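Below is one structure, written out as structure tokens; the observations come after it.
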There are 6 protein chains.
Amino acid sequence: MAGTPLIEYADADPEVRAVFDDIKRTRNVQDVNNFWKALANDPRTLRRTWESLKEVMAPGALDPLVKEMLYLAVSVAHTCEYCIASHTAAARKRGMTDAMLGELLAVVGMASETNRLVIGWRVPVDQAFR
Amino acid sequence: MAGTPLIEYADADPEVRAVFDDIKRTRNVQDVNNFWKALANDPRTLRRTWESLKEVMAPGALDPLVKEMLYLAVSVAHTCEYCIASHTAAARKRGMTDAMLGELLAVVGMASETNRLVIGWRVPVDQAFR
Amino acid sequence: MAGTPLIEYADADPEVRAVFDDIKRTRNVQDVNNFWKALANDPRTLRRTWESLKEVMAPGALDPLVKEMLYLAVSVAHTCEYCIASHTAAARKRGMTDAMLGELLAVVGMASETNRLVIGWRVPVDQAFR
Amino acid sequence: MAGTPLIEYADADPEVRAVFDDIKRTRNVQDVNNFWKALANDPRTLRRTWESLKEVMAPGALDPLVKEMLYLAVSVAHTCEYCIASHTAAARKRGMTDAMLGELLAVVGMASETNRLVIGWRVPVDQAFR
Amino acid sequence: MAGTPLIEYADADPEVRAVFDDIKRTRNVQDVNNFWKALANDPRTLRRTWESLKEVMAPGALDPLVKEMLYLAVSVAHTCEYCIASHTAAARKRGMTDAMLGELLAVVGMASETNRLVIGWRVPVDQAFR
Amino acid sequence: MAGTPLIEYADADPEVRAVFDDIKRTRNVQDVNNFWKALANDPRTLRRTWESLKEVMAPGALDPLVKEMLYLAVSVAHTCEYCIASHTAAARKRGMTDAMLGELLAVVGMASETNRLVIGWRVPVDQAFR
């Protein structure tokens with residue numbers, strides 16, 4: 001499904017180009033993904049989203065690979081196909097192996113199952129967790 | 001919200017007690033959480049869920065703390081309050097610090113935002129990710 | 001969490017009373033649930049929702065118990081605590097046993113797990129299902 | 001969207017083949033669906049998921065057709081297109097007619113609507129349901 | 001993904017044609033969308049859904065453009081690609097500009113992020129909001 | 001459910017106080033909501049979230065009331081009770097009447113129903129919407 005025009009660098013205005021340049025520099029890539037080319041239809045959201053993402057995904061108390069895997073897990077829970085495709089690629093680039101992907105998805109599946117069991121069985125929160 | 005009777009060890013039949021014993025031994029705890037006491041209303045699901053969880057959460061290509069954090073991230077995406085409370089506690093027990101929790105939730109929030117932006121902007125998957 | 005005033009029969013205007021009367025007659029109950037008392041704040045939605053629900057939940061190709069169980073399953077998937085409480089009660093009234101509830105929730109949990117595995121593994125639809 | 005290599009029987013190792021054989025025998029089919037061929041990338045999850053599914057979907061207090069319809073309802077609530085396609089086919093195989101499918105989807109739609117109305121109107125749980 | 005036969009006007013029975021005619025008249029269009037052609041497989045749900053939608057989307061305390069934008073926002077939150085495509089078109093027809101779409105999606109994204117932060121941080125409801 | 005300590009102004013460090021001061025000034029309120037007091041446990045996310053929210057919710061192509069109503073609609077779709085409580089209050093402050101709230105929730109409910117019908121019936125996107 002298309003629907004949204006993708007803005008290429010050559011056709012972008014300076015504000016968008018500046019963000020694209022920073023993404024390419026930060027990630028050391030030749031071109032930005034379609035997500036950014038679509039967001040370029042709304043330059044302020046493009047800039048704000050990139051600035052936020054750069055801050056959130058930077059190394060900190062959690063290393064970037066763990067952050068990418070958390071991102072992927074949430075994207076699976078939200079059924080975002082694009083996000084799954086792009087963050088699987090990003091996590092692999094940071095070192096996620098086939099075995100790690102398998103375990104990650106097994107945890108996501110298991111959590112989804114027990115989340116529903118908890119809700120369906122109407123389990124009251126333990127005093128110790130309050 | 002109560003609704004489901006919680007089965008205590010003293011009132012449980014042998015099949016349920018065997019699972020409770022294995023949980024307590026494996027986790028080195030005095031008592032099982034309410035989740036297990038509620039699932040004990042359906043002994044086969046109790047047993048199957050515990051066996052699956054034990055296998056999925058065991059150390060492997062991912063370490064148990066990362067698995068707990070993935071579990072927590074999915075539970076937030078699914079708005080499961082009980083699960084958030086119990087897996088926050090479990091992750092802390094395995095070493096999650098305040099700073100790590102803060103970054104984890106920041107990633108979950110950011111992923112939720114971009115997941116919706118991707119869907120709303122109808123972004124086509126990049127050739128490179130197919 | 002309160003927030004919405006509940007409209008009691010004694011305080012309701014004739015349009016609302018007419019719907020309450022039909023609910024009580026159809027379900028053979030003394031009073032309507034809080035859901036209807038809350039919806040009474042918007043009489044047109046109250047009437048439309050009741051008329052739709054009455055049509056959808058009537059016996060047809062599926063019997064009312066199966067419909068109640070489907071309703072409950074969806075409510076668990078959507079984490080609607082009120083709906084789980086009320087439709088568990090409604091399904092029990094129509095004959096759902098403890099064993100049936102256990103199996104229902106096991107199916108909901110299992111479906112939730114495999115739904116996420118399918119999405120995370122990016123499984124292409126089989127030719128036979130297209 | 002492809003992304004995940006599908007493991008065919010001819011290329012599978014013995015552990016995977018054993019699961020595929022059991023699926024084919026249990027379901028009396030010539031070949032397994034893509035879901036299993038994708039899961040075969042993670043043989044332990046393949047085995048565990050199949051064993052769990054076989055147990056959960058077996059005849060019990062609920063008959064297999066009702067279980068398939070519950071599975072389908074949850075898959076719709078989770079927007080899992082693959083799962084909808086495969087479980088619609090599975091339910092039809094077990095006897096779901098066009099009329100039953102229509103009523104099932106009507107219930108899913110109605111539950112989705114009232115789930116949101118309940119949440120949005122902030123309806124407190126009735127004393128009788130606690 | 002196909003799967004459901006679309007019922008065209010020429011092949012529809014009188015009950016379905018009557019609904020199609022009312023949709024075409026009300027919306028001043030030459031043909032109905034695929035949604036209605038698919039729902040025509042279940043004529044009662046077709047009629048009920050159209051009658052409800054017509055009532056809900058009519059001008060009232062909120063104008064039709066705001067209603068279309070709310071519809072679009074919910075469809076994004078639910079990852080319904082068809083609905084996003086059709087309601088983006090419907091909202092544009094009612095006057096939604098590129099700038100308005102950009103702001104709408106920015107709000108949806110922001111709400112999704114803070115919804116998860118609230119849940120993950122387990123924020124208690126302020127006394128003032130109860 | 002408590003769980004997260006709320007940071008009061010008196011106990012906050014200068015970085016947090018600066019954000020709290022800006023929220024109070026911008027919104028012309030005496031104190032910030034619990035959401036901000038909880039986020040103060042992670043000062044960088046507090047600052048980033050507030051800066052983003054201030055930008056996204058500012059008057060633009062959409063007026064602030066419409067933005068608040070979109071925020072509320074998404075919060076209902078995500079079952080975020082805190083967010084529903086706080087954004088219902090915020091929208092009322094900006095002029096949302098009882099009648100507007102009723103229509104908003106009716107649209108959210110209707111969208112939720114048709115979103116699921118579209119998915120369940122597997123409706124292909126119309127050529128005109130691609």
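Each chain in the structure tokens gets a letter, A, B, ..., in the order shown, and its residues are numbered from 1; ligands are numbered from 1 in order too.
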
Original post:
DSSP on the backbone: what in chain D comes out helix (DSSP H, G or I), as a PyMOL selection string?
Top reply: chain D and resi 9-11+14-27+34-39+43-57+64-77+81-93+98-120+127-129

Could you superpose chain B on chain C by least squares over every Cα, matched in sequence order, and send it back as a short mmCIF file (atom, residue, chain, number, x, y, z; two decimals) with N, CA and C atoms, in the first residue's frame?
data_model
loop_
_atom_site.label_atom_id
_atom_site.label_comp_id
_atom_site.auth_asym_id
_atom_site.auth_seq_id
_atom_site.Cartn_x
_atom_site.Cartn_y
_atom_site.Cartn_z
N MET B 1 -12.17 3.51 39.56
CA MET B 1 -12.22 4.85 38.99
C MET B 1 -13.65 5.19 38.63
N ALA B 2 -14.19 6.21 39.23
CA ALA B 2 -15.56 6.60 38.93
C ALA B 2 -15.56 7.50 37.70
N GLY B 3 -15.90 8.73 37.86
CA GLY B 3 -15.79 9.68 36.76
C GLY B 3 -17.09 9.93 36.03
N THR B 4 -17.81 8.87 35.67
CA THR B 4 -19.05 9.03 34.94
C THR B 4 -20.23 8.83 35.89
N PRO B 5 -21.15 9.80 35.95
CA PRO B 5 -22.32 9.58 36.79
C PRO B 5 -23.18 8.44 36.22
N LEU B 6 -23.66 7.58 37.09
CA LEU B 6 -24.53 6.48 36.66
C LEU B 6 -25.97 6.96 36.79
N ILE B 7 -26.74 6.80 35.72
CA ILE B 7 -28.12 7.25 35.74
C ILE B 7 -29.02 6.11 36.21
N GLU B 8 -29.67 6.32 37.36
CA GLU B 8 -30.58 5.30 37.87
C GLU B 8 -31.96 5.46 37.22
N TYR B 9 -32.69 4.40 37.18
CA TYR B 9 -34.03 4.39 36.58
C TYR B 9 -34.89 5.54 37.09
N ALA B 10 -34.86 5.74 38.41
CA ALA B 10 -35.72 6.76 39.02
C ALA B 10 -35.42 8.16 38.49
N ASP B 11 -34.17 8.37 38.07
CA ASP B 11 -33.77 9.70 37.61
C ASP B 11 -33.75 9.82 36.09
N ALA B 12 -34.08 8.74 35.40
CA ALA B 12 -33.94 8.72 33.94
C ALA B 12 -35.16 9.33 33.26
N ASP B 13 -34.93 9.91 32.08
CA ASP B 13 -36.07 10.44 31.32
C ASP B 13 -36.72 9.29 30.54
N PRO B 14 -37.88 9.54 29.96
CA PRO B 14 -38.66 8.45 29.34
C PRO B 14 -37.90 7.65 28.27
N GLU B 15 -37.08 8.33 27.46
CA GLU B 15 -36.35 7.64 26.39
C GLU B 15 -35.41 6.59 26.98
N VAL B 16 -34.71 6.99 28.06
CA VAL B 16 -33.79 6.07 28.72
C VAL B 16 -34.57 4.95 29.41
N ARG B 17 -35.65 5.32 30.11
CA ARG B 17 -36.45 4.30 30.80
C ARG B 17 -36.97 3.23 29.86
N ALA B 18 -37.33 3.64 28.66
CA ALA B 18 -37.85 2.67 27.69
C ALA B 18 -36.79 1.62 27.36
N VAL B 19 -35.55 2.08 27.21
CA VAL B 19 -34.46 1.13 26.93
C VAL B 19 -34.22 0.24 28.15
N PHE B 20 -34.13 0.85 29.32
CA PHE B 20 -33.92 0.07 30.55
C PHE B 20 -35.03 -0.99 30.69
N ASP B 21 -36.26 -0.59 30.43
CA ASP B 21 -37.37 -1.54 30.54
C ASP B 21 -37.19 -2.72 29.59
N ASP B 22 -36.75 -2.41 28.37
CA ASP B 22 -36.58 -3.49 27.39
C ASP B 22 -35.43 -4.42 27.79
N ILE B 23 -34.36 -3.85 28.34
CA ILE B 23 -33.24 -4.68 28.80
C ILE B 23 -33.71 -5.61 29.92
N LYS B 24 -34.43 -5.03 30.88
CA LYS B 24 -34.88 -5.83 32.02
C LYS B 24 -35.83 -6.94 31.58
N ARG B 25 -36.71 -6.61 30.65
CA ARG B 25 -37.67 -7.59 30.15
C ARG B 25 -36.95 -8.69 29.37
N THR B 26 -36.08 -8.28 28.45
CA THR B 26 -35.39 -9.24 27.60
C THR B 26 -34.51 -10.19 28.41
N ARG B 27 -33.82 -9.64 29.39
CA ARG B 27 -32.88 -10.44 30.18
C ARG B 27 -33.48 -10.98 31.46
N ASN B 28 -34.71 -10.58 31.72
CA ASN B 28 -35.38 -11.03 32.94
C ASN B 28 -34.56 -10.72 34.18
N VAL B 29 -34.18 -9.45 34.32
CA VAL B 29 -33.41 -9.01 35.48
C VAL B 29 -34.13 -7.84 36.15
N GLN B 30 -33.78 -7.62 37.43
CA GLN B 30 -34.42 -6.56 38.23
C GLN B 30 -33.88 -5.18 37.89
N ASP B 31 -32.60 -5.13 37.54
CA ASP B 31 -31.97 -3.83 37.30
C ASP B 31 -30.94 -4.01 36.18
N VAL B 32 -30.60 -2.92 35.51
CA VAL B 32 -29.59 -3.01 34.45
C VAL B 32 -28.20 -2.82 35.06
N ASN B 33 -27.20 -3.30 34.35
CA ASN B 33 -25.80 -3.17 34.80
C ASN B 33 -25.31 -1.73 34.68
N ASN B 34 -24.20 -1.47 35.35
CA ASN B 34 -23.61 -0.12 35.31
C ASN B 34 -23.32 0.35 33.89
N PHE B 35 -22.98 -0.58 33.00
CA PHE B 35 -22.69 -0.19 31.62
C PHE B 35 -23.85 0.63 31.05
N TRP B 36 -25.06 0.14 31.23
CA TRP B 36 -26.22 0.83 30.67
C TRP B 36 -26.49 2.14 31.41
N LYS B 37 -26.24 2.14 32.73
CA LYS B 37 -26.45 3.36 33.50
C LYS B 37 -25.45 4.45 33.10
N ALA B 38 -24.28 4.03 32.68
CA ALA B 38 -23.29 5.01 32.21
C ALA B 38 -23.66 5.49 30.80
N LEU B 39 -24.02 4.55 29.93
CA LEU B 39 -24.40 4.92 28.55
C LEU B 39 -25.62 5.84 28.54
N ALA B 40 -26.41 5.78 29.61
CA ALA B 40 -27.62 6.62 29.66
C ALA B 40 -27.27 8.11 29.64
N ASN B 41 -26.00 8.43 29.86
CA ASN B 41 -25.57 9.82 29.69
C ASN B 41 -25.65 10.26 28.24
N ASP B 42 -25.74 9.30 27.33
CA ASP B 42 -25.83 9.59 25.90
C ASP B 42 -26.96 8.72 25.34
N PRO B 43 -28.21 9.19 25.50
CA PRO B 43 -29.38 8.33 25.22
C PRO B 43 -29.41 7.70 23.82
N ARG B 44 -28.91 8.41 22.82
CA ARG B 44 -28.95 7.82 21.47
C ARG B 44 -27.99 6.64 21.36
N THR B 45 -26.80 6.78 21.95
CA THR B 45 -25.86 5.66 21.92
C THR B 45 -26.41 4.51 22.76
N LEU B 46 -27.04 4.83 23.87
CA LEU B 46 -27.67 3.80 24.69
C LEU B 46 -28.66 2.98 23.86
N ARG B 47 -29.56 3.66 23.19
CA ARG B 47 -30.58 2.97 22.41
C ARG B 47 -29.96 2.16 21.27
N ARG B 48 -29.08 2.80 20.50
CA ARG B 48 -28.47 2.13 19.36
C ARG B 48 -27.66 0.92 19.80
N THR B 49 -26.90 1.06 20.89
CA THR B 49 -26.05 -0.04 21.35
C THR B 49 -26.91 -1.21 21.82
N TRP B 50 -27.96 -0.90 22.54
CA TRP B 50 -28.83 -1.98 23.02
C TRP B 50 -29.51 -2.68 21.85
N GLU B 51 -30.03 -1.93 20.90
CA GLU B 51 -30.69 -2.54 19.75
C GLU B 51 -29.71 -3.44 18.97
N SER B 52 -28.48 -2.94 18.79
CA SER B 52 -27.47 -3.72 18.06
C SER B 52 -27.10 -4.98 18.83
N LEU B 53 -26.88 -4.82 20.14
CA LEU B 53 -26.46 -5.95 20.96
C LEU B 53 -27.55 -7.03 20.98
N LYS B 54 -28.78 -6.58 21.08
CA LYS B 54 -29.90 -7.54 21.12
C LYS B 54 -29.94 -8.35 19.83
N GLU B 55 -29.73 -7.66 18.72
CA GLU B 55 -29.74 -8.35 17.43
C GLU B 55 -28.56 -9.31 17.29
N VAL B 56 -27.37 -8.81 17.66
CA VAL B 56 -26.15 -9.61 17.46
C VAL B 56 -26.12 -10.84 18.38
N MET B 57 -26.61 -10.71 19.60
CA MET B 57 -26.49 -11.80 20.56
C MET B 57 -27.68 -12.77 20.55
N ALA B 58 -28.66 -12.51 19.73
CA ALA B 58 -29.81 -13.41 19.65
C ALA B 58 -29.39 -14.77 19.09
N PRO B 59 -30.15 -15.82 19.44
CA PRO B 59 -29.84 -17.14 18.88
C PRO B 59 -29.89 -17.07 17.36
N GLY B 60 -28.97 -17.79 16.70
CA GLY B 60 -28.93 -17.79 15.25
C GLY B 60 -28.17 -19.02 14.79
N ALA B 61 -27.23 -18.84 13.90
CA ALA B 61 -26.39 -19.96 13.47
C ALA B 61 -25.48 -20.39 14.62
N LEU B 62 -25.18 -19.46 15.52
CA LEU B 62 -24.41 -19.78 16.73
C LEU B 62 -25.35 -19.66 17.92
N ASP B 63 -25.16 -20.54 18.89
CA ASP B 63 -26.03 -20.42 20.06
C ASP B 63 -25.52 -19.35 21.01
N PRO B 64 -26.39 -18.81 21.86
CA PRO B 64 -26.03 -17.69 22.73
C PRO B 64 -24.82 -17.96 23.64
N LEU B 65 -24.63 -19.20 24.09
CA LEU B 65 -23.47 -19.46 24.94
C LEU B 65 -22.17 -19.27 24.15
N VAL B 66 -22.14 -19.79 22.92
CA VAL B 66 -20.93 -19.61 22.10
C VAL B 66 -20.70 -18.13 21.85
N LYS B 67 -21.76 -17.39 21.59
CA LYS B 67 -21.60 -15.95 21.39
C LYS B 67 -21.04 -15.26 22.63
N GLU B 68 -21.54 -15.64 23.79
CA GLU B 68 -21.02 -15.04 25.03
C GLU B 68 -19.54 -15.38 25.21
N MET B 69 -19.16 -16.58 24.84
CA MET B 69 -17.75 -16.97 25.01
C MET B 69 -16.86 -16.22 24.02
N LEU B 70 -17.35 -16.00 22.81
CA LEU B 70 -16.59 -15.20 21.84
C LEU B 70 -16.44 -13.77 22.37
N TYR B 71 -17.51 -13.26 22.93
CA TYR B 71 -17.50 -11.90 23.50
C TYR B 71 -16.45 -11.80 24.60
N LEU B 72 -16.42 -12.82 25.44
CA LEU B 72 -15.47 -12.85 26.54
C LEU B 72 -14.03 -12.93 26.02
N ALA B 73 -13.81 -13.76 25.01
CA ALA B 73 -12.46 -13.92 24.44
C ALA B 73 -11.95 -12.59 23.88
N VAL B 74 -12.81 -11.87 23.17
CA VAL B 74 -12.41 -10.58 22.60
C VAL B 74 -12.14 -9.58 23.72
N SER B 75 -12.96 -9.61 24.77
CA SER B 75 -12.78 -8.68 25.90
C SER B 75 -11.45 -8.93 26.61
N VAL B 76 -11.02 -10.18 26.67
CA VAL B 76 -9.71 -10.49 27.25
C VAL B 76 -8.62 -9.93 26.34
N ALA B 77 -8.76 -10.14 25.04
CA ALA B 77 -7.75 -9.63 24.10
C ALA B 77 -7.64 -8.11 24.17
N HIS B 78 -8.73 -7.43 24.54
CA HIS B 78 -8.73 -5.97 24.63
C HIS B 78 -8.50 -5.45 26.04
N THR B 79 -8.24 -6.37 27.00
CA THR B 79 -7.95 -5.97 28.39
C THR B 79 -9.06 -5.10 28.98
N CYS B 80 -10.30 -5.45 28.71
CA CYS B 80 -11.42 -4.68 29.26
C CYS B 80 -11.93 -5.37 30.53
N GLU B 81 -11.47 -4.91 31.69
CA GLU B 81 -11.77 -5.61 32.94
C GLU B 81 -13.27 -5.68 33.23
N TYR B 82 -13.94 -4.58 33.03
CA TYR B 82 -15.39 -4.58 33.27
C TYR B 82 -16.06 -5.64 32.40
N CYS B 83 -15.68 -5.64 31.11
CA CYS B 83 -16.31 -6.54 30.14
C CYS B 83 -16.02 -8.00 30.49
N ILE B 84 -14.80 -8.26 30.97
CA ILE B 84 -14.45 -9.63 31.36
C ILE B 84 -15.33 -10.06 32.54
N ALA B 85 -15.46 -9.16 33.52
CA ALA B 85 -16.27 -9.48 34.70
C ALA B 85 -17.72 -9.73 34.29
N SER B 86 -18.27 -8.85 33.46
CA SER B 86 -19.70 -8.98 33.16
C SER B 86 -19.98 -10.14 32.19
N HIS B 87 -19.09 -10.36 31.23
CA HIS B 87 -19.36 -11.44 30.28
C HIS B 87 -18.96 -12.82 30.83
N THR B 88 -18.06 -12.86 31.81
CA THR B 88 -17.84 -14.13 32.50
C THR B 88 -19.13 -14.51 33.23
N ALA B 89 -19.72 -13.53 33.90
CA ALA B 89 -20.98 -13.78 34.62
C ALA B 89 -22.09 -14.19 33.64
N ALA B 90 -22.16 -13.49 32.51
CA ALA B 90 -23.21 -13.80 31.53
C ALA B 90 -23.03 -15.19 30.93
N ALA B 91 -21.79 -15.55 30.65
CA ALA B 91 -21.53 -16.87 30.07
C ALA B 91 -21.84 -17.97 31.09
N ARG B 92 -21.49 -17.74 32.34
CA ARG B 92 -21.80 -18.73 33.37
C ARG B 92 -23.31 -18.94 33.48
N LYS B 93 -24.03 -17.84 33.40
CA LYS B 93 -25.49 -17.91 33.48
C LYS B 93 -26.06 -18.78 32.35
N ARG B 94 -25.37 -18.77 31.21
CA ARG B 94 -25.83 -19.55 30.07
C ARG B 94 -25.24 -20.97 30.05
N GLY B 95 -24.48 -21.31 31.09
CA GLY B 95 -24.03 -22.69 31.18
C GLY B 95 -22.53 -22.93 31.10
N MET B 96 -21.73 -21.87 31.02
CA MET B 96 -20.28 -22.08 30.98
C MET B 96 -19.80 -22.63 32.32
N THR B 97 -19.15 -23.79 32.30
CA THR B 97 -18.63 -24.39 33.53
C THR B 97 -17.20 -23.90 33.78
N ASP B 98 -16.67 -24.25 34.95
CA ASP B 98 -15.26 -23.93 35.26
C ASP B 98 -14.33 -24.53 34.21
N ALA B 99 -14.61 -25.75 33.80
CA ALA B 99 -13.75 -26.41 32.82
C ALA B 99 -13.79 -25.69 31.48
N MET B 100 -14.98 -25.23 31.10
CA MET B 100 -15.11 -24.51 29.83
C MET B 100 -14.37 -23.17 29.90
N LEU B 101 -14.48 -22.48 31.02
CA LEU B 101 -13.76 -21.21 31.17
C LEU B 101 -12.25 -21.45 31.08
N GLY B 102 -11.79 -22.48 31.74
CA GLY B 102 -10.36 -22.80 31.69
C GLY B 102 -9.89 -23.04 30.26
N GLU B 103 -10.67 -23.80 29.51
CA GLU B 103 -10.26 -24.08 28.12
C GLU B 103 -10.36 -22.83 27.26
N LEU B 104 -11.40 -22.05 27.47
CA LEU B 104 -11.54 -20.79 26.73
C LEU B 104 -10.30 -19.91 26.93
N LEU B 105 -9.90 -19.73 28.18
CA LEU B 105 -8.75 -18.85 28.45
C LEU B 105 -7.47 -19.46 27.92
N ALA B 106 -7.37 -20.77 27.94
CA ALA B 106 -6.18 -21.42 27.38
C ALA B 106 -6.09 -21.17 25.88
N VAL B 107 -7.24 -21.20 25.20
CA VAL B 107 -7.24 -20.91 23.76
C VAL B 107 -6.86 -19.45 23.51
N VAL B 108 -7.44 -18.54 24.29
CA VAL B 108 -7.12 -17.12 24.13
C VAL B 108 -5.61 -16.89 24.33
N GLY B 109 -5.07 -17.52 25.35
CA GLY B 109 -3.64 -17.36 25.62
C GLY B 109 -2.80 -17.93 24.48
N MET B 110 -3.16 -19.09 24.02
CA MET B 110 -2.41 -19.75 22.94
C MET B 110 -2.49 -18.93 21.66
N ALA B 111 -3.68 -18.43 21.34
CA ALA B 111 -3.83 -17.61 20.14
C ALA B 111 -2.98 -16.36 20.25
N SER B 112 -2.95 -15.76 21.43
CA SER B 112 -2.15 -14.55 21.62
C SER B 112 -0.68 -14.84 21.37
N GLU B 113 -0.24 -15.99 21.85
CA GLU B 113 1.17 -16.35 21.65
C GLU B 113 1.48 -16.58 20.17
N THR B 114 0.68 -17.38 19.50
CA THR B 114 1.00 -17.68 18.10
C THR B 114 0.74 -16.47 17.20
N ASN B 115 -0.24 -15.63 17.54
CA ASN B 115 -0.43 -14.39 16.77
C ASN B 115 0.89 -13.60 16.72
N ARG B 116 1.53 -13.47 17.87
CA ARG B 116 2.77 -12.70 17.93
C ARG B 116 3.92 -13.44 17.24
N LEU B 117 3.96 -14.76 17.36
CA LEU B 117 5.02 -15.51 16.69
C LEU B 117 4.89 -15.36 15.17
N VAL B 118 3.67 -15.43 14.68
CA VAL B 118 3.43 -15.27 13.23
C VAL B 118 3.94 -13.91 12.75
N ILE B 119 3.57 -12.88 13.51
CA ILE B 119 3.95 -11.52 13.13
C ILE B 119 5.46 -11.32 13.24
N GLY B 120 6.03 -11.80 14.33
CA GLY B 120 7.45 -11.60 14.57
C GLY B 120 8.32 -12.35 13.57
N TRP B 121 7.87 -13.57 13.20
CA TRP B 121 8.61 -14.37 12.22
C TRP B 121 8.28 -13.96 10.79
N ARG B 122 7.33 -13.03 10.64
CA ARG B 122 6.96 -12.50 9.33
C ARG B 122 6.59 -13.63 8.36
N VAL B 123 5.62 -14.43 8.76
CA VAL B 123 5.22 -15.61 7.98
C VAL B 123 4.33 -15.20 6.81
N PRO B 124 4.72 -15.55 5.59
CA PRO B 124 3.88 -15.24 4.43
C PRO B 124 2.65 -16.17 4.39
N VAL B 125 1.52 -15.62 3.98
CA VAL B 125 0.28 -16.40 3.91
C VAL B 125 0.43 -17.53 2.87
N ASP B 126 0.03 -18.72 3.26
CA ASP B 126 0.07 -19.88 2.35
C ASP B 126 -0.82 -19.63 1.14
N GLN B 127 -0.38 -20.11 0.01
CA GLN B 127 -1.18 -19.99 -1.21
C GLN B 127 -2.59 -20.53 -0.98
N ALA B 128 -2.68 -21.60 -0.24
CA ALA B 128 -3.98 -22.26 -0.02
C ALA B 128 -4.98 -21.42 0.77
N PHE B 129 -4.48 -20.41 1.49
CA PHE B 129 -5.38 -19.60 2.33
C PHE B 129 -5.78 -18.30 1.65
N ARG B 130 -5.16 -18.01 0.52
CA ARG B 130 -5.44 -16.71 -0.11
C ARG B 130 -6.84 -16.66 -0.71
#
